[in-house]
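Here is target-v9.pdb, consisting of PDB, C-alpha atoms (C1' of nucleotides):
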```pdb
ATOM      1  CA  MET A 188      -4.438 -96.856  81.613
ATOM      2  CA  ARG A 189      -3.741 -95.986  85.219
ATOM      3  CA  ILE A 190      -4.388 -92.766  87.072
ATOM      4  CA  GLY A 191      -1.001 -91.204  86.406
ATOM      5  CA  GLU A 192      -1.335 -91.394  82.657
ATOM      6  CA  LEU A 193      -4.906 -90.174  82.732
ATOM      7  CA  SER A 194      -3.774 -87.265  84.838
ATOM      8  CA  GLU A 195      -1.102 -86.338  82.339
ATOM      9  CA  ARG A 196      -3.403 -86.663  79.366
ATOM     10  CA  THR A 197      -6.192 -84.583  80.892
ATOM     11  CA  GLY A 198      -4.344 -82.096  83.044
ATOM     12  CA  ALA A 199      -6.417 -83.074  86.064
ATOM     13  CA  SER A 200      -4.511 -83.996  89.214
ATOM     14  CA  ARG A 201      -4.746 -87.523  90.538
ATOM     15  CA  ARG A 202      -6.564 -86.190  93.531
ATOM     16  CA  LEU A 203      -9.151 -84.627  91.270
ATOM     17  CA  LEU A 204      -9.683 -87.769  89.267
ATOM     18  CA  ARG A 205     -10.418 -89.627  92.491
ATOM     19  CA  TYR A 206     -12.768 -86.831  93.472
ATOM     20  CA  TYR A 207     -14.670 -87.059  90.191
ATOM     21  CA  GLU A 208     -15.026 -90.754  90.827
ATOM     22  CA  GLU A 209     -16.305 -90.102  94.331
ATOM     23  CA  GLN A 210     -18.868 -87.741  92.807
ATOM     24  CA  GLY A 211     -19.994 -90.443  90.423
ATOM     25  CA  LEU A 212     -18.730 -88.739  87.270
ATOM     26  CA  ILE A 213     -16.376 -91.519  86.223
ATOM     27  CA  ALA A 214     -16.315 -95.173  87.213
ATOM     28  CA  PRO A 215     -12.991 -96.859  86.493
ATOM     29  CA  GLU A 216     -12.453-100.580  86.735
ATOM     30  CA  ARG A 217     -10.103-101.967  89.347
ATOM     31  CA  CYS A 218      -7.116-104.205  88.696
ATOM     32  CA  ALA A 219      -6.393-107.142  90.945
ATOM     33  CA  ASN A 220      -3.982-105.009  92.937
ATOM     34  CA  GLY A 221      -6.554-102.313  93.582
ATOM     35  CA  TYR A 222      -5.236 -99.847  91.015
ATOM     36  CA  ARG A 223      -7.805 -97.923  89.013
ATOM     37  CA  ALA A 224      -7.956 -98.846  85.318
ATOM     38  CA  TYR A 225      -9.341 -96.287  82.871
ATOM     39  CA  ASP A 226     -10.188 -96.829  79.226
ATOM     40  CA  ASP A 227      -9.332 -94.340  76.487
ATOM     41  CA  ALA A 228     -12.798 -92.842  76.350
ATOM     42  CA  THR A 229     -12.317 -91.539  79.862
ATOM     43  CA  VAL A 230      -9.850 -88.981  78.573
ATOM     44  CA  ASP A 231     -12.558 -87.215  76.602
ATOM     45  CA  ARG A 232     -14.993 -87.618  79.403
ATOM     46  CA  VAL A 233     -12.692 -85.962  81.906
ATOM     47  CA  MET A 234     -12.005 -83.080  79.560
ATOM     48  CA  GLN A 235     -15.741 -82.696  79.157
ATOM     49  CA  ILE A 236     -16.128 -82.621  82.917
ATOM     50  CA  ARG A 237     -13.414 -80.037  83.331
ATOM     51  CA  GLY A 238     -14.932 -77.860  80.655
ATOM     52  CA  LEU A 239     -18.324 -77.928  82.309
ATOM     53  CA  LEU A 240     -16.888 -77.318  85.766
ATOM     54  CA  ASP A 241     -14.928 -74.407  84.414
ATOM     55  CA  ALA A 242     -18.125 -73.068  82.892
ATOM     56  CA  GLY A 243     -19.736 -73.030  86.289
ATOM     57  CA  LEU A 244     -21.765 -76.234  86.400
ATOM     58  CA  PRO A 245     -21.568 -78.111  89.689
ATOM     59  CA  THR A 246     -20.731 -81.808  89.701
ATOM     60  CA  ARG A 247     -24.269 -82.569  90.789
ATOM     61  CA  ILE A 248     -25.608 -81.255  87.487
ATOM     62  CA  ILE A 249     -22.789 -82.597  85.369
ATOM     63  CA  LYS A 250     -23.612 -86.017  86.690
ATOM     64  CA  GLN A 251     -27.135 -85.691  85.358
ATOM     65  CA  VAL A 252     -26.134 -84.192  82.064
ATOM     66  CA  LEU A 253     -23.272 -86.458  81.049
ATOM     67  CA  PRO A 254     -25.150 -89.710  80.468
ATOM     68  CA  CYS A 255     -27.431 -88.030  77.942
ATOM     69  CA  LEU A 256     -24.571 -86.826  75.801
ATOM     70  CA  SER A 257     -22.726 -90.028  75.095
ATOM     71  CA  LYS A 258     -23.440 -92.340  72.213
ATOM     72  CA  PRO A 259     -24.602 -94.913  72.845
ATOM     73  CA  ARG A 260     -26.658 -93.114  75.407
ATOM     74  CA  ALA A 261     -26.160 -94.291  78.935
ATOM     75  CA  ILE A 262     -29.691 -93.189  79.733
ATOM     76  CA  HIS A 263     -32.244 -94.480  77.312
ATOM     77  CA  PHE A 264     -35.559 -92.885  76.705
ATOM     78  CA  GLU A 265     -37.473 -95.371  78.780
ATOM     79  CA  ASP A 266     -35.341 -94.576  81.821
ATOM     80  CA  ALA A 267     -36.011 -90.878  81.556
ATOM     81  CA  THR A 268     -38.251 -89.879  84.408
ATOM     82  CA  PRO A 269     -40.341 -86.715  84.115
ATOM     83  CA  GLU A 270     -38.354 -85.121  86.935
ATOM     84  CA  MET A 271     -35.130 -85.780  85.096
ATOM     85  CA  ILE A 272     -36.503 -84.250  81.942
ATOM     86  CA  ALA A 273     -37.652 -81.238  83.892
ATOM     87  CA  THR A 274     -34.187 -80.891  85.387
ATOM     88  CA  LEU A 275     -32.600 -81.087  81.976
ATOM     89  CA  GLU A 276     -34.957 -78.455  80.647
ATOM     90  CA  ARG A 277     -34.081 -76.189  83.529
ATOM     91  CA  GLU A 278     -30.400 -76.727  82.935
ATOM     92  CA  LEU A 279     -30.886 -76.084  79.247
ATOM     93  CA  THR A 280     -32.233 -72.614  79.893
ATOM     94  CA  GLY A 281     -29.558 -71.993  82.507
ATOM     95  CA  ILE A 282     -26.841 -72.953  80.071
ATOM     96  CA  SER A 283     -28.381 -70.795  77.378
ATOM     97  CA  ALA A 284     -28.316 -67.845  79.761
ATOM     98  CA  ARG A 285     -24.656 -68.465  80.489
ATOM     99  CA  ILE A 286     -23.880 -68.622  76.806
ATOM    100  CA  ALA A 287     -25.695 -65.367  76.195
ATOM    101  CA  CYS A 288     -23.858 -63.654  79.026
ATOM    102  CA  LEU A 289     -20.475 -64.937  77.966
ATOM    103  CA  THR A 290     -21.113 -64.078  74.339
ATOM    104  CA  ARG A 291     -22.034 -60.508  75.201
ATOM    105  CA  ASN A 292     -18.891 -60.129  77.228
ATOM    106  CA  ARG A 293     -16.676 -61.842  74.739
ATOM    107  CA  ASP A 294     -17.882 -59.482  72.034
ATOM    108  CA  ALA A 295     -17.427 -56.456  74.248
ATOM    109  CA  ILE A 296     -13.907 -57.466  75.210
ATOM    110  CA  ALA A 297     -13.049 -58.164  71.603
ATOM    111  CA  GLU A 298     -14.394 -54.787  70.600
ATOM    112  CA  TYR A 299     -12.410 -53.097  73.311
ATOM    113  CA  LEU A 300      -9.243 -54.884  72.296
ATOM    114  CA  THR A 301      -9.527 -53.933  68.643
ATOM    115  CA  ALA A 302     -10.235 -50.361  69.683
ATOM    116  CA  VAL A 303      -7.149 -50.340  71.846
ATOM    117  CA  ARG A 304      -5.021 -51.786  69.074
ATOM    118  CA  VAL A 305      -6.198 -49.218  66.550
ATOM    119  CA  ASP A 306      -5.518 -46.477  69.037
ATOM    120  CA  ARG A 307      -1.831 -47.147  69.355
TER     121      ARG A 307
ATOM    122  CA  MET B  95     -31.055 -46.443  96.479
ATOM    123  CA  ARG B  96     -29.926 -48.330  99.554
ATOM    124  CA  ILE B  97     -28.714 -51.875  99.867
ATOM    125  CA  GLY B  98     -32.104 -53.421 100.571
ATOM    126  CA  GLU B  99     -33.657 -52.172  97.368
ATOM    127  CA  LEU B 100     -30.615 -53.112  95.315
ATOM    128  CA  SER B 101     -30.787 -56.569  96.807
ATOM    129  CA  GLU B 102     -34.416 -56.934  95.808
ATOM    130  CA  ARG B 103     -33.860 -55.613  92.316
ATOM    131  CA  THR B 104     -30.871 -57.848  91.601
ATOM    132  CA  GLY B 105     -31.608 -60.956  93.599
ATOM    133  CA  ALA B 106     -28.244 -60.728  95.322
ATOM    134  CA  SER B 107     -28.264 -60.873  99.106
ATOM    135  CA  ARG B 108     -27.106 -57.854 101.071
ATOM    136  CA  ARG B 109     -24.166 -59.871 102.262
ATOM    137  CA  LEU B 110     -23.173 -60.538  98.686
ATOM    138  CA  LEU B 111     -23.447 -56.906  97.667
ATOM    139  CA  ARG B 112     -21.070 -55.999 100.469
ATOM    140  CA  TYR B 113     -18.786 -58.780  99.317
ATOM    141  CA  TYR B 114     -18.750 -57.483  95.742
ATOM    142  CA  GLU B 115     -17.819 -54.110  97.134
ATOM    143  CA  GLU B 116     -15.029 -55.622  99.186
ATOM    144  CA  GLN B 117     -13.735 -57.262  96.008
ATOM    145  CA  GLY B 118     -13.743 -53.927  94.232
ATOM    146  CA  LEU B 119     -16.523 -54.767  91.797
ATOM    147  CA  ILE B 120     -18.857 -51.975  92.877
ATOM    148  CA  ALA B 121     -18.130 -48.766  94.749
ATOM    149  CA  PRO B 122     -21.212 -47.187  96.288
ATOM    150  CA  GLU B 123     -21.266 -43.733  97.810
ATOM    151  CA  ARG B 124     -21.909 -43.318 101.497
ATOM    152  CA  CYS B 125     -24.618 -41.198 103.078
ATOM    153  CA  ALA B 126     -23.887 -39.079 106.120
ATOM    154  CA  ASN B 127     -25.143 -41.851 108.368
ATOM    155  CA  GLY B 128     -22.831 -44.435 106.851
ATOM    156  CA  TYR B 129     -25.459 -46.143 104.689
ATOM    157  CA  ARG B 130     -24.367 -47.249 101.218
ATOM    158  CA  ALA B 131     -25.982 -45.307  98.357
ATOM    159  CA  TYR B 132     -26.213 -46.972  94.945
ATOM    160  CA  ASP B 133     -27.241 -45.388  91.670
ATOM    161  CA  ASP B 134     -29.536 -47.052  89.159
ATOM    162  CA  ALA B 135     -26.723 -48.189  86.904
ATOM    163  CA  THR B 136     -25.514 -50.473  89.675
ATOM    164  CA  VAL B 137     -28.503 -52.738  89.124
ATOM    165  CA  ASP B 138     -27.274 -53.698  85.672
ATOM    166  CA  ARG B 139     -23.732 -53.919  86.889
ATOM    167  CA  VAL B 140     -24.638 -56.360  89.626
ATOM    168  CA  MET B 141     -26.605 -58.517  87.233
ATOM    169  CA  GLN B 142     -23.622 -58.523  84.934
ATOM    170  CA  ILE B 143     -21.424 -59.595  87.828
ATOM    171  CA  ARG B 144     -23.767 -62.385  88.804
ATOM    172  CA  GLY B 145     -23.957 -63.631  85.256
ATOM    173  CA  LEU B 146     -20.209 -63.789  84.955
ATOM    174  CA  LEU B 147     -19.779 -65.420  88.347
ATOM    175  CA  ASP B 148     -22.363 -67.994  87.408
ATOM    176  CA  ALA B 149     -20.453 -68.629  84.212
ATOM    177  CA  GLY B 150     -17.387 -69.482  86.201
ATOM    178  CA  LEU B 151     -15.324 -66.293  86.143
ATOM    179  CA  PRO B 152     -13.712 -65.408  89.465
ATOM    180  CA  THR B 153     -14.167 -61.915  90.894
ATOM    181  CA  ARG B 154     -10.494 -61.223  90.262
ATOM    182  CA  ILE B 155     -11.084 -61.486  86.514
ATOM    183  CA  ILE B 156     -14.465 -59.814  86.539
ATOM    184  CA  LYS B 157     -12.829 -56.843  88.161
ATOM    185  CA  GLN B 158     -10.481 -56.534  85.222
ATOM    186  CA  VAL B 159     -13.093 -57.144  82.599
ATOM    187  CA  LEU B 160     -15.893 -54.897  83.814
ATOM    188  CA  PRO B 161     -14.308 -51.479  83.272
ATOM    189  CA  CYS B 162     -13.740 -52.221  79.611
ATOM    190  CA  LEU B 163     -17.372 -53.002  78.947
ATOM    191  CA  SER B 164     -19.080 -49.859  80.160
ATOM    192  CA  LYS B 165     -19.728 -46.806  78.074
ATOM    193  CA  PRO B 166     -18.202 -44.415  78.706
ATOM    194  CA  ARG B 167     -15.281 -46.691  79.305
ATOM    195  CA  ALA B 168     -13.872 -46.570  82.784
ATOM    196  CA  ILE B 169     -10.500 -47.581  81.406
ATOM    197  CA  HIS B 170      -9.404 -45.485  78.510
ATOM    198  CA  PHE B 171      -6.947 -46.605  75.951
ATOM    199  CA  GLU B 172      -4.082 -44.646  77.409
ATOM    200  CA  ASP B 173      -4.483 -46.444  80.752
ATOM    201  CA  ALA B 174      -4.326 -49.852  79.168
ATOM    202  CA  THR B 175      -1.040 -51.434  80.152
ATOM    203  CA  PRO B 176       0.375 -54.222  78.009
ATOM    204  CA  GLU B 177      -0.066 -56.688  80.854
ATOM    205  CA  MET B 178      -3.731 -55.784  81.114
ATOM    206  CA  ILE B 179      -4.210 -56.268  77.413
ATOM    207  CA  ALA B 180      -2.469 -59.616  77.617
ATOM    208  CA  THR B 181      -4.764 -60.615  80.463
ATOM    209  CA  LEU B 182      -7.805 -59.601  78.470
ATOM    210  CA  GLU B 183      -6.619 -61.582  75.500
ATOM    211  CA  ARG B 184      -6.116 -64.615  77.682
ATOM    212  CA  GLU B 185      -9.567 -64.215  79.158
ATOM    213  CA  LEU B 186     -11.014 -63.785  75.699
ATOM    214  CA  THR B 187      -9.766 -67.172  74.608
ATOM    215  CA  GLY B 188     -10.839 -68.707  77.920
ATOM    216  CA  ILE B 189     -14.330 -67.310  77.516
ATOM    217  CA  SER B 190     -14.486 -68.536  73.946
ATOM    218  CA  ALA B 191     -13.582 -72.013  75.130
ATOM    219  CA  ARG B 192     -16.332 -71.895  77.705
ATOM    220  CA  ILE B 193     -18.830 -70.790  75.099
ATOM    221  CA  ALA B 194     -17.797 -73.608  72.804
ATOM    222  CA  CYS B 195     -18.100 -76.163  75.582
ATOM    223  CA  LEU B 196     -21.471 -74.892  76.736
ATOM    224  CA  THR B 197     -22.789 -74.671  73.197
ATOM    225  CA  ARG B 198     -21.828 -78.257  72.456
ATOM    226  CA  ASN B 199     -23.563 -79.417  75.584
ATOM    227  CA  ARG B 200     -26.607 -77.260  75.112
ATOM    228  CA  ASP B 201     -27.069 -78.671  71.637
ATOM    229  CA  ALA B 202     -26.595 -82.222  72.839
ATOM    230  CA  ILE B 203     -29.088 -81.769  75.658
ATOM    231  CA  ALA B 204     -31.575 -80.157  73.303
ATOM    232  CA  GLU B 205     -31.156 -83.021  70.886
ATOM    233  CA  TYR B 206     -31.662 -85.541  73.628
ATOM    234  CA  LEU B 207     -34.777 -83.783  74.848
ATOM    235  CA  THR B 208     -36.415 -83.641  71.444
ATOM    236  CA  ALA B 209     -35.561 -87.303  70.943
ATOM    237  CA  VAL B 210     -37.171 -88.167  74.256
ATOM    238  CA  ARG B 211     -40.265 -86.141  73.434
ATOM    239  CA  VAL B 212     -40.696 -87.829  70.065
ATOM    240  CA  ASP B 213     -40.265 -91.172  71.714
ATOM    241  CA  ARG B 214     -43.274 -90.880  73.952
TER     242      ARG B 214
ATOM    243  C1'  DT C 216      17.085-107.248  96.116
ATOM    244  C1'  DC C 217      16.872-102.522  96.652
ATOM    245  C1'  DG C 218      15.190 -98.041  95.533
ATOM    246  C1'  DA C 219      12.570 -94.916  92.733
ATOM    247  C1'  DA C 220       8.219 -94.189  90.924
ATOM    248  C1'  DC C 221       3.706 -95.201  91.201
ATOM    249  C1'  DG C 222      -0.672 -96.660  93.415
ATOM    250  C1'  DC C 223      -4.033 -96.810  97.554
ATOM    251  C1'  DT C 224      -6.829 -94.633 101.544
ATOM    252  C1'  DC C 225      -7.664 -91.222 104.948
ATOM    253  C1'  DA C 226      -7.775 -86.903 106.668
ATOM    254  C1'  DC C 227      -6.880 -82.309 107.330
ATOM    255  C1'  DA C 228      -6.106 -77.522 104.865
ATOM    256  C1'  DT C 229      -7.311 -73.923 101.652
ATOM    257  C1'  DT C 230      -9.811 -70.855  98.498
ATOM    258  C1'  DG C 231     -13.852 -68.407  96.729
ATOM    259  C1'  DA C 232     -18.579 -67.533  96.970
ATOM    260  C1'  DT C 233     -21.975 -67.496 100.236
ATOM    261  C1'  DG C 234     -24.986 -67.879 104.777
ATOM    262  C1'  DT C 235     -25.891 -66.508 109.473
ATOM    263  C1'  DG C 236     -25.892 -64.213 113.624
ATOM    264  C1'  DA C 237     -24.372 -61.039 117.272
ATOM    265  C1'  DG C 238     -24.091 -56.374 118.857
ATOM    266  C1'  DG C 239     -25.258 -52.036 117.830
ATOM    267  C1'  DG C 240     -26.763 -47.470 115.240
ATOM    268  C1'  DT C 241     -30.788 -44.761 112.302
ATOM    269  C1'  DC C 242     -35.207 -43.389 111.107
ATOM    270  C1'  DA C 243     -40.030 -43.095 110.219
ATOM    271  C1'  DA C 244     -44.511 -43.935 111.931
ATOM    272  C1'  DC C 245     -47.482 -44.549 115.611
TER     273       DC C 245
ATOM    274  C1'  DG D  52     -40.390 -42.101 123.022
ATOM    275  C1'  DT D  53     -40.949 -46.623 121.709
ATOM    276  C1'  DT D  54     -41.225 -50.071 118.170
ATOM    277  C1'  DG D  55     -40.136 -52.184 113.743
ATOM    278  C1'  DA D  56     -37.636 -52.098 109.665
ATOM    279  C1'  DC D  57     -33.707 -50.615 107.961
ATOM    280  C1'  DC D  58     -28.510 -50.077 108.059
ATOM    281  C1'  DC D  59     -23.596 -50.887 109.906
ATOM    282  C1'  DT D  60     -19.295 -54.005 111.060
ATOM    283  C1'  DC D  61     -17.234 -58.193 112.457
ATOM    284  C1'  DA D  62     -16.681 -62.798 112.758
ATOM    285  C1'  DC D  63     -17.538 -67.388 112.446
ATOM    286  C1'  DA D  64     -19.817 -71.239 109.430
ATOM    287  C1'  DT D  65     -20.564 -73.753 105.126
ATOM    288  C1'  DC D  66     -20.070 -75.828 100.551
ATOM    289  C1'  DA D  67     -17.707 -77.335  96.483
ATOM    290  C1'  DA D  68     -13.469 -77.840  94.169
ATOM    291  C1'  DT D  69      -8.886 -78.509  95.159
ATOM    292  C1'  DG D  70      -4.146 -79.115  97.521
ATOM    293  C1'  DT D  71      -1.090 -81.621 100.555
ATOM    294  C1'  DG D  72       0.834 -85.073 103.168
ATOM    295  C1'  DA D  73       1.123 -89.185 106.045
ATOM    296  C1'  DG D  74       1.351 -94.094 106.184
ATOM    297  C1'  DC D  75       1.522 -97.992 103.495
ATOM    298  C1'  DG D  76       1.446-101.495  99.426
ATOM    299  C1'  DT D  77       3.086-102.513  94.294
ATOM    300  C1'  DT D  78       5.975-102.574  90.210
ATOM    301  C1'  DC D  79       9.977-102.481  87.763
ATOM    302  C1'  DG D  80      14.485-101.626  86.263
ATOM    303  C1'  DA D  81      19.564-101.320  87.840
TER     304       DA D  81
END
```
Starting from the coordinates I provided, produce the structure as structure tokens.
Amino acid sequence: MRIGELSERTGASRRLLRYYEEQGLIAPERCANGYRAYDDATVDRVMQIRGLLDAGLPTRIIKQVLPCLSKPRAIHFEDATPEMIATLERELTGISARIACLTRNRDAIAEYLTAVRVDR
Amino acid sequence: MRIGELSERTGASRRLLRYYEEQGLIAPERCANGYRAYDDATVDRVMQIRGLLDAGLPTRIIKQVLPCLSKPRAIHFEDATPEMIATLERELTGISARIACLTRNRDAIAEYLTAVRVDR
DNA sequence: TCGAACGCTCACATTGATGTGAGGGTCAAC
DNA sequence: GTTGACCCTCACATCAATGTGAGCGTTCGA
């Protein structure tokens, strides 16, 4: 598919899709005429990217994280350098902290909302 | 306490503390000489703010969310306008989506890491 | 074959969270 | 009373994620 369809299916603007490519997050093929050609799997990948961006991860980190999540893995165990593993471990704890923070706040907001609803 | 100590205890730069104030997230007293005076509770509040910012919430939203989380509540049920409640509900689902996304990725990263460790 | 709809690159603008520095008060210790 | 470590405001800089638009080629249906 071309960039317009991908944009519609993911909700990301064309501009943004080109930006993700520039950041090395996606790597579309090119048609003879220079148009970008995306396969279906890119839809999920872009939604993944948008989710992570929205959750506060910078593209720099997303780029490192993504290849470890796909099956078949883009980064195999032999390619994993110690520094990369260390980075992933650091990100893992960072993400866990985010989850904890968000969970606390989600629960508190939910509690507040039910309290408000009961009150009226 | 003054801004320097708060900065040390929270890890937020002085600049940032003034910025949070400008955004209406904290509201320190002022001493006679113009210095900002923070109470102890502000330490937790700032850490809360930083956690939420790091998790991708903009200050605009944090400002709406914070008063509902403290006890005693800064926003009582009578003050809760329908629009505010709607906003909170929207944020609640947004936060839940973030949590889901982060959880998926945390699990996948953890899985990858254990696989790598076993492999060596 | 013409025009609308789409694609490309390039480049400048904006927004939100931050850094940095200038220019200038306050205060405690020496 | 001077010095060093604070504080103040103001303003400009930066960085990442986006928007916007110009200038130009491509595709496709009427």
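Residues captured in this structure file are Leu110, Asn127 and Pro152 of chain B, according to the PyMOL selection byres ((chain B) within 8 of (chain C)).
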Could you work out which residues of chain D fall inside 9 Å of chain B? Count all atoms listed in the file, and format the result as a CSV table (one decimal) with C-alpha atoms (C1' of nucleotides), keeping the file's coordinate frame.
```
chain,number,residue,atom,x,y,z
D,57,DC,C1',-33.7,-50.6,108.0
D,58,DC,C1',-28.5,-50.1,108.1
D,59,DC,C1',-23.6,-50.9,109.9
```
Taking a cut-off of 6 Å and counting only C-alpha atoms, can you build a table that, for each residue of chain B near chain A, reports the nearest atom pair and how far apart they are in Å (one decimal), sorted by chain then residue number, as a tab-separated table?
```
residue	atom	partner	partner_atom	distance
B:Asp148	CA	A:Gly243	CA	5.8
B:Ala149	CA	A:Gly243	CA	4.9
B:Gly150	CA	A:Gly243	CA	4.3
B:Leu163	CA	A:Ala295	CA	5.8
B:Phe171	CA	A:Val303	CA	5.6
B:Arg192	CA	A:Ala242	CA	5.6
B:Ile193	CA	A:Ile286	CA	5.8
B:Ala202	CA	A:Leu256	CA	5.8
B:Val210	CA	A:Phe264	CA	5.6
```
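Put simply, the PyMOL selection byres ((chain A and resi 215) around 10) in this file takes in Met188, Arg189, Ile190, Arg205, Glu208, Leu212, Ile213, Ala214, Glu216, Arg217, Cys218, Tyr222, Arg223, Ala224, Tyr225, Asp226 and Thr229 of chain A.
Straight-line separation from atom CA of A:Glu192 to atom CA of A:Gln251: 26.6 Å.
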Using the structure just given, write a file holding N, CA and C atoms for stretch 163-187 of chain B, as a PDB file, in the first residue's frame.
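Saved to part29.pdb:
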```
ATOM      1  N   LEU B 163      -6.772  13.746  43.071  1.00  0.00           N
ATOM      2  CA  LEU B 163      -6.027  12.621  43.612  1.00  0.00           C
ATOM      3  C   LEU B 163      -5.609  12.855  45.048  1.00  0.00           C
ATOM      4  N   SER B 164      -5.604  14.098  45.469  1.00  0.00           N
ATOM      5  CA  SER B 164      -5.111  14.396  46.817  1.00  0.00           C
ATOM      6  C   SER B 164      -6.226  14.200  47.836  1.00  0.00           C
ATOM      7  N   LYS B 165      -5.790  13.869  49.046  1.00  0.00           N
ATOM      8  CA  LYS B 165      -6.726  13.806  50.155  1.00  0.00           C
ATOM      9  C   LYS B 165      -6.242  14.797  51.185  1.00  0.00           C
ATOM     10  N   PRO B 166      -6.997  15.730  51.637  1.00  0.00           N
ATOM     11  CA  PRO B 166      -8.390  15.936  51.221  1.00  0.00           C
ATOM     12  C   PRO B 166      -8.462  16.472  49.800  1.00  0.00           C
ATOM     13  N   ARG B 167      -9.479  16.094  49.111  1.00  0.00           N
ATOM     14  CA  ARG B 167      -9.595  16.469  47.709  1.00  0.00           C
ATOM     15  C   ARG B 167      -9.661  17.985  47.548  1.00  0.00           C
ATOM     16  N   ALA B 168      -8.883  18.451  46.592  1.00  0.00           N
ATOM     17  CA  ALA B 168      -8.910  19.885  46.307  1.00  0.00           C
ATOM     18  C   ALA B 168     -10.185  20.239  45.539  1.00  0.00           C
ATOM     19  N   ILE B 169     -10.689  19.290  44.795  1.00  0.00           N
ATOM     20  CA  ILE B 169     -11.930  19.521  44.062  1.00  0.00           C
ATOM     21  C   ILE B 169     -13.014  18.637  44.650  1.00  0.00           C
ATOM     22  N   HIS B 170     -13.964  19.252  45.272  1.00  0.00           N
ATOM     23  CA  HIS B 170     -15.012  18.469  45.900  1.00  0.00           C
ATOM     24  C   HIS B 170     -16.092  18.155  44.886  1.00  0.00           C
ATOM     25  N   PHE B 171     -16.955  17.272  45.268  1.00  0.00           N
ATOM     26  CA  PHE B 171     -17.901  16.758  44.297  1.00  0.00           C
ATOM     27  C   PHE B 171     -18.806  17.850  43.753  1.00  0.00           C
ATOM     28  N   GLU B 172     -19.114  18.811  44.596  1.00  0.00           N
ATOM     29  CA  GLU B 172     -20.033  19.856  44.137  1.00  0.00           C
ATOM     30  C   GLU B 172     -19.385  20.698  43.030  1.00  0.00           C
ATOM     31  N   ASP B 173     -18.050  20.822  43.081  1.00  0.00           N
ATOM     32  CA  ASP B 173     -17.360  21.656  42.092  1.00  0.00           C
ATOM     33  C   ASP B 173     -17.202  20.964  40.747  1.00  0.00           C
ATOM     34  N   ALA B 174     -17.455  19.666  40.751  1.00  0.00           N
ATOM     35  CA  ALA B 174     -17.169  18.900  39.539  1.00  0.00           C
ATOM     36  C   ALA B 174     -18.204  19.203  38.462  1.00  0.00           C
ATOM     37  N   THR B 175     -17.783  19.905  37.439  1.00  0.00           N
ATOM     38  CA  THR B 175     -18.689  20.189  36.331  1.00  0.00           C
ATOM     39  C   THR B 175     -18.775  18.963  35.434  1.00  0.00           C
ATOM     40  N   PRO B 176     -19.843  18.842  34.689  1.00  0.00           N
ATOM     41  CA  PRO B 176     -19.984  17.704  33.779  1.00  0.00           C
ATOM     42  C   PRO B 176     -18.849  17.641  32.757  1.00  0.00           C
ATOM     43  N   GLU B 177     -18.410  18.801  32.296  1.00  0.00           N
ATOM     44  CA  GLU B 177     -17.317  18.784  31.313  1.00  0.00           C
ATOM     45  C   GLU B 177     -16.054  18.200  31.938  1.00  0.00           C
ATOM     46  N   MET B 178     -15.812  18.578  33.187  1.00  0.00           N
ATOM     47  CA  MET B 178     -14.619  18.078  33.870  1.00  0.00           C
ATOM     48  C   MET B 178     -14.679  16.569  34.018  1.00  0.00           C
ATOM     49  N   ILE B 179     -15.854  16.093  34.393  1.00  0.00           N
ATOM     50  CA  ILE B 179     -16.025  14.654  34.547  1.00  0.00           C
ATOM     51  C   ILE B 179     -15.818  13.953  33.217  1.00  0.00           C
ATOM     52  N   ALA B 180     -16.336  14.552  32.159  1.00  0.00           N
ATOM     53  CA  ALA B 180     -16.154  13.963  30.835  1.00  0.00           C
ATOM     54  C   ALA B 180     -14.667  13.909  30.492  1.00  0.00           C
ATOM     55  N   THR B 181     -13.973  15.009  30.786  1.00  0.00           N
ATOM     56  CA  THR B 181     -12.529  15.027  30.530  1.00  0.00           C
ATOM     57  C   THR B 181     -11.834  13.915  31.298  1.00  0.00           C
ATOM     58  N   LEU B 182     -12.177  13.789  32.553  1.00  0.00           N
ATOM     59  CA  LEU B 182     -11.539  12.747  33.370  1.00  0.00           C
ATOM     60  C   LEU B 182     -11.822  11.367  32.805  1.00  0.00           C
ATOM     61  N   GLU B 183     -13.039  11.168  32.355  1.00  0.00           N
ATOM     62  CA  GLU B 183     -13.360   9.858  31.791  1.00  0.00           C
ATOM     63  C   GLU B 183     -12.541   9.594  30.533  1.00  0.00           C
ATOM     64  N   ARG B 184     -12.397  10.628  29.729  1.00  0.00           N
ATOM     65  CA  ARG B 184     -11.588  10.483  28.523  1.00  0.00           C
ATOM     66  C   ARG B 184     -10.148  10.160  28.895  1.00  0.00           C
ATOM     67  N   GLU B 185      -9.629  10.878  29.855  1.00  0.00           N
ATOM     68  CA  GLU B 185      -8.249  10.628  30.278  1.00  0.00           C
ATOM     69  C   GLU B 185      -8.102   9.224  30.847  1.00  0.00           C
ATOM     70  N   LEU B 186      -9.129   8.794  31.557  1.00  0.00           N
ATOM     71  CA  LEU B 186      -9.079   7.460  32.153  1.00  0.00           C
ATOM     72  C   LEU B 186      -8.885   6.405  31.074  1.00  0.00           C
ATOM     73  N   THR B 187      -9.644   6.515  30.009  1.00  0.00           N
ATOM     74  CA  THR B 187      -9.489   5.511  28.952  1.00  0.00           C
ATOM     75  C   THR B 187      -8.138   5.688  28.257  1.00  0.00           C
TER      76      THR B 187
END
```
